[in-house]
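Asks: Below are the structure tokens for one structure; questions will follow.
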Amino acid sequence: MNKKYVNDITINVNETEADIEFTVPSDLFWFKGHFPFQPLLPGVAQLNWVIYYTQKCFGEQLTLSSMDLVKFQCPVLPKDHLILHLVWYKEKNKLEFKYTIVSTDNRKKVASSGRLTLCP
């Protein structure tokens, strides 16, 4: 349970947008103790992934300056299939993100979304 990031991912990226698609492994560090009866992916882990994949996709070392808006709308569970959509506004150092859960019958629901200010 030391794993913090997902290994098996699909990334589609251009200059300003990226889609990262993966299934959430049940052996992630983030699930340890959160919660024993029903593991949930903590919001801090979701934000950590947003910044990590922003750096990876757009090639910049960025840190969080402020959270302009963040909404956690639906719990993310182990084995959920997720799409993380990123939109990077480099000139403003602004990032929009959205996590979407895709069910086995291809229904989609937003798990979380937000706007962040990042700085180099």
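Residues in the structure tokens are numbered from 1 in each chain, the chains being A, B, ... in the order shown, and ligands are numbered from 1 in the order shown.
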What residues in chain A get the DSSP label alpha helix (DSSP H)? Please answer as a count of residues only.
Replies: 16
Asks: So which residues touch range 11-19 of chain A within 6 Å, counting only C-alpha atoms, skipping near sequence neighbours fewer than 5 positions away, as a PDB file with C-alpha atoms, in the first residue's frame?
Replies:
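Contents of selection_33.pdb, freshly written:
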ATOM      1  CA  LEU A  84      -9.407  13.199 -15.437  1.00  0.00           C
ATOM      2  CA  HIS A  85      -9.857  16.141 -17.826  1.00  0.00           C
ATOM      3  CA  LEU A  86      -7.404  19.051 -17.487  1.00  0.00           C
ATOM      4  CA  VAL A  87      -7.510  22.459 -19.152  1.00  0.00           C
ATOM      5  CA  TRP A  88      -4.370  24.585 -18.672  1.00  0.00           C
TER       6      TRP A  88
END
Asks: To one decimal place in Å, what is the distance between CA of Asn106 in chain A and CA of Asp27 in chain A?
Replies: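 According to the coordinates, CA of Asn106 in chain A and CA of Asp27 in chain A are separated by 24.2 Å.
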Asks: Name all residues at most 12 Å from Ser65 in chain A (count only C-alpha atoms; drop same-chain ones fewer than 3 positions away) and give them as a PDB file with all heavy atoms, in the first residue's frame.
Replies:
ATOM      1  N   ILE A  51      -2.319  17.984  -9.836  1.00  0.00           N
ATOM      2  CA  ILE A  51      -1.049  18.703  -9.975  1.00  0.00           C
ATOM      3  C   ILE A  51       0.015  17.803 -10.611  1.00  0.00           C
ATOM      4  O   ILE A  51       0.738  18.224 -11.510  1.00  0.00           O
ATOM      5  CB  ILE A  51      -0.594  19.263  -8.612  1.00  0.00           C
ATOM      6  CG1 ILE A  51      -1.589  20.341  -8.168  1.00  0.00           C
ATOM      7  CG2 ILE A  51       0.817  19.833  -8.697  1.00  0.00           C
ATOM      8  CD1 ILE A  51      -1.453  20.791  -6.747  1.00  0.00           C
ATOM      9  N   LEU A  62       5.016  22.875 -11.319  1.00  0.00           N
ATOM     10  CA  LEU A  62       4.046  23.822 -10.779  1.00  0.00           C
ATOM     11  C   LEU A  62       3.667  23.428  -9.360  1.00  0.00           C
ATOM     12  O   LEU A  62       3.662  22.252  -9.014  1.00  0.00           O
ATOM     13  CB  LEU A  62       2.790  23.824 -11.659  1.00  0.00           C
ATOM     14  CG  LEU A  62       3.021  24.202 -13.124  1.00  0.00           C
ATOM     15  CD1 LEU A  62       1.854  23.772 -13.974  1.00  0.00           C
ATOM     16  CD2 LEU A  62       3.266  25.691 -13.238  1.00  0.00           C
ATOM     17  N   ASP A  68      -9.416  28.101  -6.336  1.00  0.00           N
ATOM     18  CA  ASP A  68     -10.456  29.089  -6.612  1.00  0.00           C
ATOM     19  C   ASP A  68     -11.848  28.495  -6.416  1.00  0.00           C
ATOM     20  O   ASP A  68     -12.758  29.169  -5.952  1.00  0.00           O
ATOM     21  CB  ASP A  68     -10.299  29.633  -8.036  1.00  0.00           C
ATOM     22  CG  ASP A  68      -8.894  30.189  -8.270  1.00  0.00           C
ATOM     23  OD1 ASP A  68      -8.311  30.740  -7.314  1.00  0.00           O
ATOM     24  OD2 ASP A  68      -8.385  30.061  -9.390  1.00  0.00           O
ATOM     25  N   ASN A  93      -1.876  31.104 -15.436  1.00  0.00           N
ATOM     26  CA  ASN A  93      -1.530  30.115 -14.406  1.00  0.00           C
ATOM     27  C   ASN A  93      -2.771  29.498 -13.770  1.00  0.00           C
ATOM     28  O   ASN A  93      -2.789  29.190 -12.576  1.00  0.00           O
ATOM     29  CB  ASN A  93      -0.625  30.715 -13.325  1.00  0.00           C
ATOM     30  CG  ASN A  93       0.771  30.971 -13.824  1.00  0.00           C
ATOM     31  OD1 ASN A  93       1.233  30.321 -14.754  1.00  0.00           O
ATOM     32  ND2 ASN A  93       1.455  31.915 -13.224  1.00  0.00           N
ATOM     33  N   LYS A  94      -3.813  29.297 -14.582  1.00  0.00           N
ATOM     34  CA  LYS A  94      -5.074  28.726 -14.104  1.00  0.00           C
ATOM     35  C   LYS A  94      -5.267  27.337 -14.694  1.00  0.00           C
ATOM     36  O   LYS A  94      -4.902  27.077 -15.844  1.00  0.00           O
ATOM     37  CB  LYS A  94      -6.268  29.594 -14.523  1.00  0.00           C
ATOM     38  CG  LYS A  94      -6.249  31.000 -13.966  1.00  0.00           C
ATOM     39  CD  LYS A  94      -6.672  31.032 -12.537  1.00  0.00           C
ATOM     40  CE  LYS A  94      -6.780  32.474 -12.049  1.00  0.00           C
ATOM     41  NZ  LYS A  94      -7.132  32.544 -10.644  1.00  0.00           N
ATOM     42  N   LEU A  95      -5.850  26.472 -13.912  1.00  0.00           N
ATOM     43  CA  LEU A  95      -6.128  25.114 -14.341  1.00  0.00           C
ATOM     44  C   LEU A  95      -7.557  24.749 -13.975  1.00  0.00           C
ATOM     45  O   LEU A  95      -7.994  25.009 -12.853  1.00  0.00           O
ATOM     46  CB  LEU A  95      -5.172  24.129 -13.648  1.00  0.00           C
ATOM     47  CG  LEU A  95      -5.403  22.664 -13.999  1.00  0.00           C
ATOM     48  CD1 LEU A  95      -4.802  22.352 -15.365  1.00  0.00           C
ATOM     49  CD2 LEU A  95      -4.835  21.762 -12.935  1.00  0.00           C
ATOM     50  N   ARG A 115     -11.284  24.723 -10.145  1.00  0.00           N
ATOM     51  CA  ARG A 115     -10.357  25.656 -10.768  1.00  0.00           C
ATOM     52  C   ARG A 115      -9.279  25.989  -9.753  1.00  0.00           C
ATOM     53  O   ARG A 115      -9.574  26.346  -8.608  1.00  0.00           O
ATOM     54  CB  ARG A 115     -11.079  26.946 -11.189  1.00  0.00           C
ATOM     55  CG  ARG A 115     -11.998  26.750 -12.365  1.00  0.00           C
ATOM     56  CD  ARG A 115     -12.514  28.076 -12.921  1.00  0.00           C
ATOM     57  NE  ARG A 115     -13.177  28.896 -11.918  1.00  0.00           N
ATOM     58  CZ  ARG A 115     -14.478  28.873 -11.660  1.00  0.00           C
ATOM     59  NH1 ARG A 115     -15.268  28.060 -12.301  1.00  0.00           N
ATOM     60  NH2 ARG A 115     -14.985  29.668 -10.753  1.00  0.00           N
ATOM     61  N   LEU A 116      -8.027  25.849 -10.201  1.00  0.00           N
ATOM     62  CA  LEU A 116      -6.892  26.098  -9.328  1.00  0.00           C
ATOM     63  C   LEU A 116      -5.995  27.166  -9.945  1.00  0.00           C
ATOM     64  O   LEU A 116      -5.953  27.318 -11.169  1.00  0.00           O
ATOM     65  CB  LEU A 116      -6.059  24.821  -9.169  1.00  0.00           C
ATOM     66  CG  LEU A 116      -6.773  23.552  -8.725  1.00  0.00           C
ATOM     67  CD1 LEU A 116      -5.791  22.388  -8.725  1.00  0.00           C
ATOM     68  CD2 LEU A 116      -7.417  23.721  -7.372  1.00  0.00           C
ATOM     69  N   THR A 117      -5.278  27.880  -9.094  1.00  0.00           N
ATOM     70  CA  THR A 117      -4.205  28.747  -9.553  1.00  0.00           C
ATOM     71  C   THR A 117      -2.900  28.061  -9.180  1.00  0.00           C
ATOM     72  O   THR A 117      -2.710  27.666  -8.027  1.00  0.00           O
ATOM     73  CB  THR A 117      -4.292  30.141  -8.887  1.00  0.00           C
ATOM     74  OG1 THR A 117      -5.542  30.733  -9.209  1.00  0.00           O
ATOM     75  CG2 THR A 117      -3.158  31.046  -9.371  1.00  0.00           C
ATOM     76  N   LEU A 118      -2.042  27.893 -10.169  1.00  0.00           N
ATOM     77  CA  LEU A 118      -0.758  27.236  -9.969  1.00  0.00           C
ATOM     78  C   LEU A 118       0.356  28.232 -10.228  1.00  0.00           C
ATOM     79  O   LEU A 118       0.172  29.209 -10.971  1.00  0.00           O
ATOM     80  CB  LEU A 118      -0.610  26.047 -10.906  1.00  0.00           C
ATOM     81  CG  LEU A 118      -1.722  24.991 -10.823  1.00  0.00           C
ATOM     82  CD1 LEU A 118      -1.518  23.918 -11.877  1.00  0.00           C
ATOM     83  CD2 LEU A 118      -1.759  24.350  -9.439  1.00  0.00           C
ATOM     84  N   CYS A 119       1.492  28.029  -9.617  1.00  0.00           N
ATOM     85  CA  CYS A 119       2.628  28.919  -9.885  1.00  0.00           C
ATOM     86  C   CYS A 119       3.883  28.097 -10.138  1.00  0.00           C
ATOM     87  O   CYS A 119       4.038  27.011  -9.587  1.00  0.00           O
ATOM     88  CB  CYS A 119       2.832  29.908  -8.744  1.00  0.00           C
ATOM     89  SG  CYS A 119       3.128  29.186  -7.139  1.00  0.00           S
ATOM     90  N   PRO A 120       4.764  28.644 -11.005  1.00  0.00           N
ATOM     91  CA  PRO A 120       6.007  27.932 -11.322  1.00  0.00           C
ATOM     92  C   PRO A 120       6.959  27.886 -10.132  1.00  0.00           C
ATOM     93  O   PRO A 120       6.889  28.635  -9.223  1.00  0.00           O
ATOM     94  CB  PRO A 120       6.616  28.744 -12.462  1.00  0.00           C
ATOM     95  CG  PRO A 120       5.603  29.769 -12.849  1.00  0.00           C
ATOM     96  CD  PRO A 120       4.562  29.814 -11.788  1.00  0.00           C
TER      97      PRO A 120
END
Asks: What is the CA of Phe58 in chain A-CA of Ser103 in chain A distance in Å, reported with one decimal?
Replies: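 Between CA of Phe58 in chain A and CA of Ser103 in chain A the gap is 28.3 Å.
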Asks: If we count only C-alpha atoms, what is near range 107-109 of chain A at a cut-off of 10 Å, once residues fewer than 2 positions away on the same chain are taken out, given as a list in words?
Replies: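 The contact residues come out as Gln73, Cys74, His81, Leu82, Ile83, Tyr99, Thr100, Ile101, Val102, Ser103, Thr104, Asp105, Ala111 and Ser112 of chain A.
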Asks: May I have all residues of chain A that DSSP, computed from the backbone, assigns to strand (DSSP E), given as JSON, numbers by chain?
Replies: {"A": [9, 10, 11, 12, 13, 17, 18, 19, 20, 21, 22, 23, 63, 64, 65, 66, 67, 68, 69, 70, 71, 72, 81, 82, 83, 84, 85, 86, 87, 88, 89, 94, 95, 96, 97, 98, 99, 100, 101, 102, 108, 109, 110, 111, 112, 113, 114, 115, 116, 117, 118, 119]}
Asks: Would you pick out the contacts of Leu77 in chain A at 8 Å or less, using only C-alpha atoms, so that residues sharing its chain but fewer than 5 positions from it are not included, and give the list as a ChimeraX atom specification?
Replies: /A:24,39-41
Asks: For Leu28 in chain A, find every residue with an atom within 12 Å (counting only C-alpha atoms), except residues of its own chain fewer than 6 positions away, and show them as a list in words.
Replies: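 In the requested form, the answer reads Met1, Asn2, Lys3, Lys4, Tyr5, Val6, Asn7, His34, Pro39, Leu40, Leu41, Pro42, Ala45, Leu77, Pro78 and Lys79 of chain A.
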Asks: Could you check the closest approach to Val44 in chain A for each of A:Trp30, A:Leu64, A:Glu21, A:Thr10 and tell me which residue wins, using only C-alpha atoms?
Replies: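 Checking each candidate against Val44 in chain A, we get A:Trp30 as the closest.
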Asks: A:Lys56, A:Pro36, A:Pro25, A:Leu47: which is nearest Leu69 in chain A, counting only C-alpha atoms?
Replies: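 The shortest atom-to-atom distance to Leu69 in chain A comes from A:Leu47.
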Asks: Have a look at CA of Phe22 in chain A and CA of Met67 in chain A and let me know their distance in Å, one decimal.
Replies: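 Computed distance, CA of Phe22 in chain A to CA of Met67 in chain A, equals 24.4 Å.
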Asks: Measuring between only C-alpha atoms, which one of A:Val76, A:Lys98, A:Tyr89, A:Ser66 shows the shortest distance to Thr23 in chain A?
Replies: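 Ranked by minimum distance to Thr23 in chain A, first place goes to A:Val76.
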